[in-house]
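Okay, target18.cif is below, mmCIF, C-alpha atoms and all ligand atoms:
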```
data_protein
loop_
_atom_site.label_atom_id
_atom_site.label_comp_id
_atom_site.auth_asym_id
_atom_site.auth_seq_id
_atom_site.Cartn_x
_atom_site.Cartn_y
_atom_site.Cartn_z
CA MET A 166 77.63 81.86 113.92
CA SER A 167 78.61 82.67 110.37
CA GLN A 168 79.02 80.02 107.60
CA LEU A 169 82.56 81.26 107.02
CA PRO A 170 85.41 78.88 107.95
CA LEU A 171 86.37 81.01 110.94
CA ARG A 172 88.79 79.59 113.49
CA GLN A 173 88.57 80.76 117.08
CA GLN A 174 91.31 81.70 119.58
CA VAL A 175 94.20 81.30 117.15
CA SER A 176 97.81 82.14 118.01
CA LEU A 177 99.25 84.68 115.57
CA GLN A 178 102.87 83.84 116.40
CA SER A 179 103.50 82.24 113.00
CA CYS A 180 101.56 85.03 111.25
CA ASN A 181 103.94 87.91 112.11
CA THR A 182 107.67 88.12 111.43
CA LEU A 183 108.35 89.52 114.92
CA ALA A 184 106.96 86.17 116.18
CA ILE A 185 104.87 87.91 118.83
CA ASP A 186 102.56 85.42 120.46
CA ALA A 187 99.29 87.37 120.37
CA CYS A 188 95.97 85.56 120.00
CA ALA A 189 93.16 86.34 117.56
CA ARG A 190 89.57 85.84 118.68
CA TYR A 191 88.67 84.79 115.12
CA LEU A 192 90.86 84.09 112.09
CA LEU A 193 89.78 83.60 108.49
CA GLU A 194 92.12 82.53 105.68
CA VAL A 195 90.70 84.50 102.77
CA THR A 196 90.90 82.30 99.67
CA GLU A 197 87.99 83.84 97.70
CA PRO A 198 87.24 87.56 97.32
CA GLY A 199 83.56 86.77 97.99
CA GLN A 200 84.41 85.87 101.61
CA ILE A 201 85.39 89.46 102.33
CA PRO A 202 81.96 91.19 102.36
CA ALA A 203 80.60 88.28 104.45
CA ALA A 204 83.45 88.55 106.97
CA VAL A 205 83.06 92.32 107.20
CA ALA A 206 79.31 91.88 107.81
CA PHE A 207 79.99 89.27 110.50
CA ALA A 208 82.44 91.58 112.31
CA LYS A 209 79.99 94.48 112.09
CA GLN A 210 77.11 92.39 113.38
CA GLN A 211 79.22 91.14 116.32
CA GLN A 212 80.70 94.64 116.84
CA LEU A 213 84.22 93.29 116.48
CA PRO A 214 87.26 95.07 115.02
CA LEU A 215 88.90 93.77 111.83
CA LEU A 216 92.57 93.25 111.11
CA VAL A 217 93.84 92.40 107.64
CA LEU A 218 97.14 90.51 107.58
CA GLY A 219 99.37 89.57 104.68
CA GLY A 220 102.73 88.17 105.71
CA GLY A 221 102.73 90.08 109.01
CA SER A 222 106.14 91.62 108.22
CA ASN A 223 105.16 95.20 108.97
CA VAL A 224 102.99 94.93 112.08
CA VAL A 225 103.58 95.03 115.81
CA LEU A 226 100.95 93.10 117.76
CA SER A 227 100.84 94.83 121.13
CA ARG A 228 98.05 92.65 122.60
CA ASP A 229 95.64 89.85 121.81
CA PHE A 230 93.38 90.89 118.95
CA PRO A 231 89.76 90.90 120.16
CA GLY A 232 88.18 90.74 116.69
CA VAL A 233 88.42 89.08 113.28
CA VAL A 234 91.77 88.64 111.54
CA LEU A 235 91.53 88.23 107.75
CA ARG A 236 94.66 86.53 106.48
CA MET A 237 94.95 87.24 102.79
CA ALA A 238 95.54 84.02 100.86
CA LEU A 239 94.13 85.06 97.46
CA ARG A 240 96.28 83.67 94.67
CA GLY A 241 96.79 84.28 90.97
CA ILE A 242 98.92 86.24 88.52
CA ASP A 243 97.55 87.24 85.10
CA VAL A 244 99.97 88.57 82.51
CA ILE A 245 98.53 90.82 79.83
CA ASP A 246 101.03 91.43 77.06
CA THR A 247 100.29 94.75 75.41
CA GLY A 248 102.39 93.85 72.39
CA HIS A 249 104.66 96.84 73.00
CA ASP A 250 107.32 97.44 75.64
CA ASP A 251 104.75 97.46 78.47
CA ILE A 252 103.50 94.36 80.22
CA VAL A 253 100.54 94.55 82.57
CA LEU A 254 100.25 92.12 85.48
CA ASP A 255 97.20 91.55 87.66
CA VAL A 256 98.40 90.08 90.93
CA ALA A 257 96.16 88.73 93.70
CA ALA A 258 96.75 90.19 97.16
CA GLY A 259 97.99 86.96 98.77
CA GLU A 260 100.84 86.36 96.31
CA ASN A 261 104.25 86.39 97.99
CA TRP A 262 106.14 89.52 96.96
CA HIS A 263 109.59 88.02 96.43
CA GLN A 264 108.16 85.08 94.48
CA LEU A 265 106.43 87.65 92.26
CA VAL A 266 109.78 89.38 91.65
CA GLU A 267 111.30 86.02 90.68
CA TYR A 268 108.33 85.18 88.44
CA CYS A 269 108.72 88.52 86.63
CA LEU A 270 112.40 87.83 86.13
CA GLN A 271 111.58 84.48 84.52
CA GLN A 272 108.92 86.09 82.31
CA GLY A 273 111.26 88.87 81.16
CA CYS A 274 109.17 91.62 82.83
CA HIS A 275 111.39 94.33 84.29
CA GLY A 276 111.16 97.01 86.94
CA LEU A 277 110.87 95.09 90.21
CA GLU A 278 114.53 94.00 90.48
CA ASN A 279 115.51 96.43 93.28
CA LEU A 280 112.51 95.30 95.32
CA ALA A 281 113.73 91.69 95.56
CA LEU A 282 113.61 89.91 98.92
CA ILE A 283 111.13 92.30 100.55
CA PRO A 284 109.00 90.03 102.73
CA GLY A 285 105.22 90.00 102.65
CA THR A 286 102.43 89.97 100.10
CA ALA A 287 101.56 91.85 96.93
CA GLY A 288 98.37 93.18 98.55
CA ALA A 289 100.32 94.91 101.32
CA ALA A 290 102.84 96.50 98.95
CA PRO A 291 100.72 99.63 98.24
CA ILE A 292 100.01 100.22 101.94
CA GLN A 293 103.39 101.79 102.56
CA ASN A 294 104.43 102.12 98.91
CA ILE A 295 107.27 99.68 99.44
CA GLY A 296 110.66 100.84 98.36
CA ALA A 297 114.29 99.80 98.30
CA TYR A 298 117.48 100.92 96.59
CA GLY A 299 115.85 103.91 94.94
CA VAL A 300 112.78 102.18 93.47
CA GLU A 301 109.30 102.64 94.92
CA LEU A 302 106.20 100.65 94.06
CA GLU A 303 104.36 103.75 92.88
CA SER A 304 106.53 103.99 89.76
CA LEU A 305 105.29 100.54 88.65
CA LEU A 306 101.75 100.43 89.94
CA GLU A 307 98.74 101.10 87.75
CA SER A 308 95.84 100.46 90.13
CA VAL A 309 94.65 98.80 93.33
CA SER A 310 91.38 96.88 93.64
CA GLY A 311 89.49 95.81 96.71
CA TRP A 312 86.52 96.08 99.02
CA ASP A 313 85.67 99.52 100.34
CA ILE A 314 84.33 98.75 103.82
CA ALA A 315 82.60 102.07 104.44
CA ALA A 316 80.99 102.26 100.99
CA GLY A 317 80.19 98.53 100.97
CA GLU A 318 81.35 98.08 97.37
CA TRP A 319 84.17 96.80 95.17
CA ARG A 320 86.35 99.61 93.95
CA THR A 321 89.47 100.22 91.85
CA LEU A 322 91.77 103.11 92.70
CA SER A 323 94.21 104.52 90.15
CA ALA A 324 97.82 105.08 91.23
CA ALA A 325 97.08 108.82 91.53
CA GLU A 326 94.11 108.09 93.81
CA CYS A 327 96.40 106.03 96.08
CA ARG A 328 98.25 109.29 97.00
CA PHE A 329 101.59 107.61 97.36
CA GLY A 330 104.35 109.26 99.34
CA TYR A 331 107.55 108.15 101.03
CA ARG A 332 106.49 104.89 102.76
CA ASP A 333 102.98 106.30 102.68
CA SER A 334 99.65 106.06 100.85
CA ILE A 335 95.94 106.77 101.23
CA PHE A 336 95.68 103.33 102.90
CA LYS A 337 97.59 104.72 105.90
CA GLY A 338 95.45 107.87 105.93
CA GLU A 339 91.90 108.42 104.73
CA LEU A 340 91.33 104.74 103.84
CA ARG A 341 93.12 103.31 106.87
CA ASP A 342 91.21 100.22 108.04
CA ARG A 343 88.58 101.01 105.40
CA PHE A 344 89.88 99.23 102.30
CA ILE A 345 90.73 95.57 101.83
CA ILE A 346 93.04 95.13 98.86
CA THR A 347 92.31 92.04 96.78
CA ALA A 348 94.58 92.70 93.77
CA ILE A 349 97.12 95.10 92.34
CA ARG A 350 97.84 95.91 88.70
CA LEU A 351 101.46 96.53 87.75
CA ARG A 352 102.86 97.98 84.54
CA LEU A 353 106.31 96.57 83.87
CA LYS A 354 108.67 96.74 80.89
CA ARG A 355 110.14 94.29 78.40
CA SER A 356 113.22 96.52 78.21
CA PHE A 357 115.59 96.56 81.18
CA GLN A 358 116.78 99.83 82.66
CA PRO A 359 118.70 99.08 85.85
CA GLN A 360 118.53 101.56 88.72
CA LEU A 361 121.99 101.53 90.26
CA HIS A 362 122.34 104.87 92.02
CA TYR A 363 122.33 103.42 95.56
CA ARG A 364 125.92 103.10 96.65
CA ALA A 365 125.55 99.69 98.30
CA LEU A 366 124.43 98.19 94.97
CA ALA A 367 126.94 100.11 92.85
CA ASP A 368 129.80 99.06 95.17
CA TYR A 369 128.72 95.42 95.11
CA LEU A 370 128.59 95.34 91.31
CA GLN A 371 131.89 97.17 90.97
CA GLN A 372 133.59 94.69 93.31
CA ALA A 373 132.09 91.84 91.29
CA GLY A 374 133.49 93.41 88.11
CA ILE A 375 130.02 93.87 86.59
CA ALA A 376 129.66 97.13 84.65
CA GLN A 377 126.24 96.45 83.10
CA PRO A 378 124.31 93.88 85.11
CA THR A 379 121.76 91.56 83.59
CA PRO A 380 118.38 91.52 85.39
CA GLN A 381 119.43 88.25 87.10
CA GLN A 382 122.70 89.78 88.27
CA LEU A 383 120.91 92.82 89.65
CA VAL A 384 118.39 90.69 91.59
CA GLN A 385 121.27 88.58 92.93
CA ALA A 386 123.14 91.74 93.96
CA VAL A 387 120.09 93.00 95.85
CA ILE A 388 119.66 89.62 97.54
CA ASP A 389 123.34 89.40 98.53
CA VAL A 390 123.54 92.98 99.83
CA ARG A 391 120.34 92.55 101.85
CA ARG A 392 121.45 89.21 103.30
CA SER A 393 124.76 90.74 104.38
CA LYS A 394 123.03 93.35 106.55
CA LEU A 395 119.49 92.31 107.37
CA PRO A 396 118.49 89.57 109.78
CA ASP A 397 116.38 86.76 108.32
CA PRO A 398 113.04 86.92 110.19
CA ALA A 399 112.88 83.10 110.21
CA LEU A 400 116.03 83.05 112.34
CA THR A 401 115.89 86.41 114.14
CA PRO A 402 112.32 87.73 114.30
CA ASN A 403 112.06 91.36 113.11
CA ALA A 404 109.84 93.75 111.14
CA GLY A 405 112.52 95.36 108.96
CA SER A 406 113.17 99.05 109.55
CA PHE A 407 111.38 99.99 112.74
CA PHE A 408 111.59 103.74 112.03
CA LYS A 409 111.09 105.78 108.89
CA ASN A 410 113.95 107.96 107.73
CA PRO A 411 112.94 111.43 108.99
CA VAL A 412 112.80 114.37 106.58
CA VAL A 413 113.88 117.69 108.14
CA SER A 414 113.80 121.28 106.87
CA ALA A 415 116.85 122.91 105.26
CA GLU A 416 117.26 125.07 108.41
CA GLN A 417 117.27 122.09 110.76
CA TYR A 418 119.62 120.26 108.44
CA ALA A 419 122.08 123.19 108.48
CA GLU A 420 122.08 123.22 112.30
CA LEU A 421 122.53 119.46 112.49
CA VAL A 422 125.33 119.23 109.97
CA GLU A 423 127.25 121.93 111.84
CA ARG A 424 127.06 119.86 115.02
CA PHE A 425 127.49 116.49 113.27
CA PRO A 426 129.61 116.93 110.11
CA GLN A 427 129.39 113.18 109.34
CA LEU A 428 125.56 113.28 109.25
CA VAL A 429 124.22 110.92 106.54
CA SER A 430 121.54 112.77 104.59
CA PHE A 431 119.97 113.04 101.15
CA PRO A 432 118.48 116.25 99.66
CA GLN A 433 114.80 116.01 98.76
CA PRO A 434 113.02 117.62 95.79
CA ASP A 435 111.05 119.90 98.19
CA GLY A 436 114.24 121.41 99.67
CA GLY A 437 114.19 119.28 102.83
CA TYR A 438 116.72 116.59 103.76
CA LYS A 439 116.12 112.91 104.44
CA LEU A 440 118.28 111.71 107.32
CA ALA A 441 119.44 108.10 107.58
CA ALA A 442 117.69 107.11 110.81
CA GLY A 443 120.06 104.13 111.11
CA TRP A 444 123.00 106.54 111.35
CA LEU A 445 121.29 108.55 114.13
CA LEU A 446 120.70 105.35 116.13
CA GLU A 447 124.22 104.14 115.57
CA GLN A 448 125.72 107.46 116.74
CA ALA A 449 123.50 107.32 119.81
CA GLY A 450 124.99 103.92 120.66
CA TRP A 451 121.92 101.77 120.05
CA LYS A 452 123.49 99.33 117.58
CA GLY A 453 123.44 95.83 119.10
CA ALA A 454 121.68 97.03 122.30
CA GLN A 455 119.68 94.47 124.27
CA ARG A 456 116.73 95.15 126.61
CA GLY A 457 115.48 91.88 128.03
CA ALA A 458 114.14 89.71 125.23
CA VAL A 459 114.26 92.45 122.59
CA GLY A 460 117.04 94.52 121.09
CA VAL A 461 118.63 96.34 118.18
CA HIS A 462 120.27 94.37 115.39
CA ASP A 463 124.07 94.46 115.45
CA ARG A 464 124.55 95.04 111.71
CA GLN A 465 121.61 97.38 110.99
CA SER A 466 120.51 99.58 113.87
CA LEU A 467 117.20 100.50 112.24
CA VAL A 468 116.00 96.93 112.76
CA LEU A 469 114.62 95.99 116.17
CA VAL A 470 114.74 92.27 116.88
CA ASN A 471 112.81 89.93 119.09
CA ARG A 472 115.58 87.66 120.31
CA ASP A 473 113.82 85.63 122.95
CA GLY A 474 110.03 85.52 122.81
CA GLY A 475 109.52 89.19 123.70
CA SER A 476 106.12 90.87 123.61
CA GLY A 477 104.88 93.77 121.51
CA THR A 478 104.82 95.89 124.66
CA GLU A 479 108.53 95.24 125.28
CA LEU A 480 109.38 96.18 121.69
CA LEU A 481 107.34 99.36 121.86
CA ALA A 482 109.02 100.32 125.15
CA LEU A 483 112.42 99.91 123.50
CA ALA A 484 111.23 101.93 120.48
CA GLU A 485 110.02 104.70 122.80
CA ALA A 486 113.36 104.81 124.65
CA ILE A 487 115.14 105.15 121.29
CA ARG A 488 112.76 107.87 120.09
CA GLN A 489 113.27 109.87 123.28
CA ASP A 490 117.05 109.53 123.09
CA VAL A 491 117.15 110.62 119.43
CA ARG A 492 114.85 113.56 120.23
CA GLU A 493 117.14 114.71 123.06
CA ARG A 494 120.41 114.25 121.16
CA PHE A 495 119.44 115.48 117.70
CA GLY A 496 116.09 117.26 118.11
CA VAL A 497 114.70 114.84 115.49
CA GLU A 498 111.35 113.09 115.79
CA LEU A 499 111.33 109.44 114.69
CA GLU A 500 108.15 107.80 113.43
CA ILE A 501 107.52 104.09 113.84
CA GLU A 502 107.15 102.45 110.41
CA PRO A 503 105.21 99.22 111.10
CA ARG A 504 101.53 99.42 112.01
CA VAL A 505 100.90 98.89 115.72
CA TYR A 506 97.80 96.94 116.80
P1 LIG B 1 101.49 92.94 106.85
O1 LIG B 1 102.60 93.14 107.81
O2 LIG B 1 100.66 91.73 106.99
O3 LIG B 1 100.53 94.23 106.92
C1 LIG B 1 101.08 95.52 106.92
C2 LIG B 1 99.92 96.52 106.93
O4 LIG B 1 99.18 96.40 105.73
C3 LIG B 1 98.91 96.25 108.05
O5 LIG B 1 98.40 97.51 108.44
C4 LIG B 1 97.83 95.43 107.36
O6 LIG B 1 96.56 95.58 107.97
C5 LIG B 1 97.84 96.02 105.97
N1 LIG B 1 97.47 95.05 104.92
C6 LIG B 1 98.16 93.94 104.56
N2 LIG B 1 97.55 93.36 103.52
C7 LIG B 1 96.46 94.09 103.23
C8 LIG B 1 95.43 93.99 102.27
N3 LIG B 1 95.40 93.00 101.36
N4 LIG B 1 94.45 94.93 102.27
C9 LIG B 1 94.46 95.94 103.19
N5 LIG B 1 95.40 96.09 104.12
C10 LIG B 1 96.40 95.18 104.12
N6 LIG B 1 109.48 97.44 103.41
C11 LIG B 1 109.91 98.24 102.41
O7 LIG B 1 109.17 99.14 101.97
N7 LIG B 1 111.13 98.09 101.85
C12 LIG B 1 111.99 97.13 102.26
O8 LIG B 1 113.08 97.01 101.73
C13 LIG B 1 111.57 96.27 103.33
N8 LIG B 1 112.40 95.32 103.81
C14 LIG B 1 112.02 94.55 104.86
C15 LIG B 1 112.91 93.59 105.34
C16 LIG B 1 112.54 92.77 106.40
C17 LIG B 1 113.52 91.75 106.93
C18 LIG B 1 111.24 92.89 106.96
C19 LIG B 1 110.82 91.97 108.07
C20 LIG B 1 110.36 93.85 106.49
C21 LIG B 1 110.73 94.69 105.43
N9 LIG B 1 109.87 95.67 104.92
C22 LIG B 1 110.28 96.48 103.88
C23 LIG B 1 108.53 95.86 105.48
C24 LIG B 1 107.47 94.88 104.90
O9 LIG B 1 108.06 93.74 104.36
C25 LIG B 1 106.62 95.56 103.82
O10 LIG B 1 105.96 96.68 104.33
C26 LIG B 1 105.57 94.60 103.24
O11 LIG B 1 104.90 95.21 102.16
C27 LIG B 1 104.55 94.14 104.27
O12 LIG B 1 103.81 93.08 103.69
P2 LIG B 1 102.96 92.07 104.58
O13 LIG B 1 102.14 91.25 103.65
O14 LIG B 1 103.85 91.34 105.51
O15 LIG B 1 102.03 93.09 105.37
P1 LIG B 2 121.59 101.78 103.12
O1 LIG B 2 121.86 101.39 101.71
O2 LIG B 2 122.60 101.49 104.16
O3 LIG B 2 121.27 103.32 103.17
C1 LIG B 2 120.94 103.95 104.41
C2 LIG B 2 119.77 104.89 104.17
O4 LIG B 2 120.20 105.92 103.31
C3 LIG B 2 118.63 104.18 103.52
O5 LIG B 2 117.61 104.11 104.45
C4 LIG B 2 118.30 105.00 102.28
O6 LIG B 2 117.01 105.58 102.31
C5 LIG B 2 119.28 106.13 102.27
N1 LIG B 2 119.99 106.17 100.98
C6 LIG B 2 121.08 105.46 100.63
N2 LIG B 2 121.48 105.81 99.39
C7 LIG B 2 120.62 106.75 98.95
C8 LIG B 2 120.49 107.49 97.75
N3 LIG B 2 121.37 107.35 96.73
N4 LIG B 2 119.48 108.37 97.64
C9 LIG B 2 118.59 108.52 98.64
N5 LIG B 2 118.65 107.84 99.80
C10 LIG B 2 119.66 106.98 99.97
O7 LIG B 2 120.18 101.18 103.59
P2 LIG B 2 119.79 99.72 104.09
O8 LIG B 2 119.29 99.84 105.46
O9 LIG B 2 120.88 98.75 103.78
O10 LIG B 2 118.53 99.39 103.17
C11 LIG B 2 118.70 99.28 101.77
C12 LIG B 2 117.38 99.61 101.08
O11 LIG B 2 116.39 98.66 101.48
C13 LIG B 2 116.84 100.99 101.44
O12 LIG B 2 116.22 101.55 100.32
C14 LIG B 2 115.83 100.70 102.52
O13 LIG B 2 114.75 101.62 102.55
C15 LIG B 2 115.32 99.30 102.12
N6 LIG B 2 114.92 98.55 103.33
C16 LIG B 2 113.74 98.88 103.91
C17 LIG B 2 113.30 98.19 105.03
C18 LIG B 2 111.95 98.50 105.65
O14 LIG B 2 111.51 97.73 106.48
N7 LIG B 2 111.32 99.55 105.28
C19 LIG B 2 114.09 97.19 105.58
C20 LIG B 2 115.30 96.91 104.98
C21 LIG B 2 115.72 97.60 103.85
P3 LIG B 2 115.64 104.83 101.89
O15 LIG B 2 115.33 103.95 103.04
O16 LIG B 2 114.71 105.96 101.73
O17 LIG B 2 115.89 104.10 100.62
#
```

For the structure just supplied, provide its representation as structure tokens.
Ligand code: FAD
Ligand code: NAP
Amino acid sequence: MSQLPLRQQVSLQSCNTLAIDACARYLLEVTEPGQIPAAVAFAKQQQLPLLVLGGGSNVVLSRDFPGVVLRMALRGIDVIDTGHDDIVLDVAAGENWHQLVEYCLQQGCHGLENLALIPGTAGAAPIQNIGAYGVELESLLESVSGWDIAAGEWRTLSAAECRFGYRDSIFKGELRDRFIITAIRLRLKRSFQPQLHYRALADYLQQAGIAQPTPQQLVQAVIDVRRSKLPDPALTPNAGSFFKNPVVSAEQYAELVERFPQLVSFPQPDGGYKLAAGWLLEQAGWKGAQRGAVGVHDRQSLVLVNRDGGSGTELLALAEAIRQDVRERFGVELEIEPRVY
């Protein structure tokens, strides 16, 4: 048995925001980067799979996990003032994302305002290149550091090397399950340039009579708008958007918009169109649907909820029924956003 403070047969119910009661064979709270190579070696020696968890807000646990769960609890934020408009922050992987946004606000570092109230940890943010209200992490991220499992070495990847895309990165592709992020480096600004092109934010500010929001007002607007639509995982377990917004070709878009003139879509730089998956689900009548213990949120149909101790299997069955229905009605393929284990 390893010298690591591993716990055995641990319920993960409080470690995932869907509150799925799966059990981990081993769990390690990672409080020192040095524990990571030792834990990886232990798993390899015992031929056990590894699962890295931050806040568990973007995972679906479909069964008990038969290996080692590493729960990232690394802490620390270092601010490096460049003396110019840029401010560089080194943030440990276990830092809570929303608390980081608030910290930056207090320190007068700008850029993260639209990403307020996203659950989870800083270390998970690059995995799907978190985004909200027109701002994506990639525009603020300088590099990602961590342990490369296959190479057996510490490594730092530049933002370009992370190959960020829409809710996508190298950590979901080539480096999937191969890289344990220990820290991220952000480059923020002293000057404040609010991003207000999402209608929900613009409408909120207009109604509040705010023409030029302060950073605090913008963060508050994001918090209020999110709270008005999204269920709080502490009260109604969920994993945020369960499906990515699909991007279709110009040809498919033209066909769809002829059949559904109200289609909610956004042109993409490559000529394709991003469709609002929530609109597709709502049109198909899924908003507020209930299937046993699990269902679809009644204010935001993209969010599947676990209302009554449902399992990952039940949630995935509901997701599959929705995918099939959307495929048949619209000819559009939906992709599940959270990682399924
Ligand atoms: P986890 O769920 O713990 O992990 C997610 C994935 O990342 C897993 O594959 C895990 O293995 C991997 N991972 C986690 N940490 C590490 C690490 N240190 N090293 C390597 N791999 C790691 N997302 C958005 O993009 N925009 C939103 O606006 C948004 N809103 C949300 C609202 C709600 C109510 C909820 C519940 C979720 C929302 N999400 C959103 C999704 C989620 O919050 C983000 O994806 C978040 O970054 C996940 O962080 P986490 O720490 O909970 O990751
Ligand atoms: P919303 O504002 O009702 O908009 C619906 C969809 O339309 C969004 O998914 C958004 O795409 C897209 N959209 C709206 N305005 C746009 C614009 N000006 N340009 C391009 N696309 C536009 O969405 P919401 O559900 O309330 O969520 C608000 C924001 O928080 C969104 O950015 C959303 O991605 C984010 N969010 C993400 C999660 C998650 O788990 N991933 C959960 C909750 C909220 P995008 O999704 O591409 O932005």

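Nearest-residue note for ligand LIG 1 (chain B): choosing from A:Pro202, A:Pro402, A:Gly437, A:Gly443, the minimum distance belongs to A:Pro402, counting only C-alpha atoms and all ligand atoms.
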
From A:Leu483, A:Leu400, A:Leu395, A:Val384, residue lying nearest ligand LIG 2 (chain B) [only C-alpha atoms and all ligand atoms]: A:Leu395

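The two atoms in question, atom C10 of ligand LIG 1 (chain B) and CA of Val253 (chain A), are spaced 22.0 Å apart.
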
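Around ligand LIG 2 (chain B), the neighbouring residues within 7 Å, taking only C-alpha atoms and all ligand atoms, come to Gly296, Ala297, Tyr298, Gly299, His362, Tyr363, Arg364, Ala365, Arg391, Lys394, Leu395, Ala404, Gly405, Ser406, Phe407, Asn410, Phe431, Ala441, Gly443 and Gln465 of chain A.
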
Please, which residues have at least one atom within 7 Å of an atom of ligand LIG 1 (chain B), using all atoms listed in the file, listed as a PyMOL selection string? chain A and resi 181-182+216-224+237+258+280+283-290+292-297+332+344-347+395-398+403-406+503-504

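Distance-wise, CA of Val422 (chain A) and CA of Glu485 (chain A) end up 24.7 Å apart.
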
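Between CA of Leu351 (chain A) and CA of Leu306 (chain A) the separation is 4.5 Å.
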
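Closest approach to Ala458 (chain A) among A:Ser176, A:Phe207, A:Ile185, A:Cys327 is made by A:Ile185 (distances from all atoms listed in the file).
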
Could the centre and edge lengths of an axis-aligned box, enclosing all atoms of region 306-313 of chain A in the file with 4 Å extra on each side, be given in Å to one decimal as JSON?
```
{"center_x": 93.7, "center_y": 98.5, "center_z": 94.0, "size_x": 24.1, "size_y": 13.3, "size_z": 20.6}
```

How about completing region 453-458 of chain A with all heavy atoms and giving it to me as a PDB file, in the frame of the given file?
```pdb
ATOM      1  N   GLY A 453     123.156  97.043 118.311  1.00  0.00           N
ATOM      2  CA  GLY A 453     123.440  95.830 119.100  1.00  0.00           C
ATOM      3  C   GLY A 453     122.894  95.858 120.522  1.00  0.00           C
ATOM      4  O   GLY A 453     123.111  94.904 121.273  1.00  0.00           O
ATOM      5  N   ALA A 454     122.174  96.932 120.906  1.00  0.00           N
ATOM      6  CA  ALA A 454     121.680  97.030 122.300  1.00  0.00           C
ATOM      7  C   ALA A 454     120.680  95.907 122.599  1.00  0.00           C
ATOM      8  O   ALA A 454     120.009  95.391 121.705  1.00  0.00           O
ATOM      9  CB  ALA A 454     120.994  98.379 122.503  1.00  0.00           C
ATOM     10  N   GLN A 455     120.604  95.537 123.859  1.00  0.00           N
ATOM     11  CA  GLN A 455     119.680  94.470 124.270  1.00  0.00           C
ATOM     12  C   GLN A 455     118.897  94.961 125.490  1.00  0.00           C
ATOM     13  O   GLN A 455     119.472  95.528 126.416  1.00  0.00           O
ATOM     14  CB  GLN A 455     120.501  93.223 124.651  1.00  0.00           C
ATOM     15  CG  GLN A 455     119.704  91.992 125.006  1.00  0.00           C
ATOM     16  CD  GLN A 455     119.073  91.318 123.773  1.00  0.00           C
ATOM     17  OE1 GLN A 455     119.472  91.561 122.649  1.00  0.00           O
ATOM     18  NE2 GLN A 455     118.084  90.487 124.012  1.00  0.00           N
ATOM     19  N   ARG A 456     117.573  94.802 125.455  1.00  0.00           N
ATOM     20  CA  ARG A 456     116.730  95.150 126.610  1.00  0.00           C
ATOM     21  C   ARG A 456     115.826  93.956 126.880  1.00  0.00           C
ATOM     22  O   ARG A 456     114.787  93.817 126.258  1.00  0.00           O
ATOM     23  CB  ARG A 456     115.858  96.382 126.320  1.00  0.00           C
ATOM     24  CG  ARG A 456     116.610  97.671 126.102  1.00  0.00           C
ATOM     25  CD  ARG A 456     117.115  98.259 127.432  1.00  0.00           C
ATOM     26  NE  ARG A 456     117.778  99.535 127.241  1.00  0.00           N
ATOM     27  CZ  ARG A 456     119.037  99.691 126.836  1.00  0.00           C
ATOM     28  NH1 ARG A 456     119.791  98.633 126.574  1.00  0.00           N
ATOM     29  NH2 ARG A 456     119.566 100.894 126.697  1.00  0.00           N
ATOM     30  N   GLY A 457     116.263  93.088 127.763  1.00  0.00           N
ATOM     31  CA  GLY A 457     115.480  91.880 128.030  1.00  0.00           C
ATOM     32  C   GLY A 457     115.461  91.003 126.793  1.00  0.00           C
ATOM     33  O   GLY A 457     116.510  90.688 126.220  1.00  0.00           O
ATOM     34  N   ALA A 458     114.263  90.636 126.359  1.00  0.00           N
ATOM     35  CA  ALA A 458     114.140  89.710 125.230  1.00  0.00           C
ATOM     36  C   ALA A 458     114.269  90.396 123.880  1.00  0.00           C
ATOM     37  O   ALA A 458     114.349  89.729 122.851  1.00  0.00           O
ATOM     38  CB  ALA A 458     112.778  89.004 125.315  1.00  0.00           C
TER      39      ALA A 458
END
```
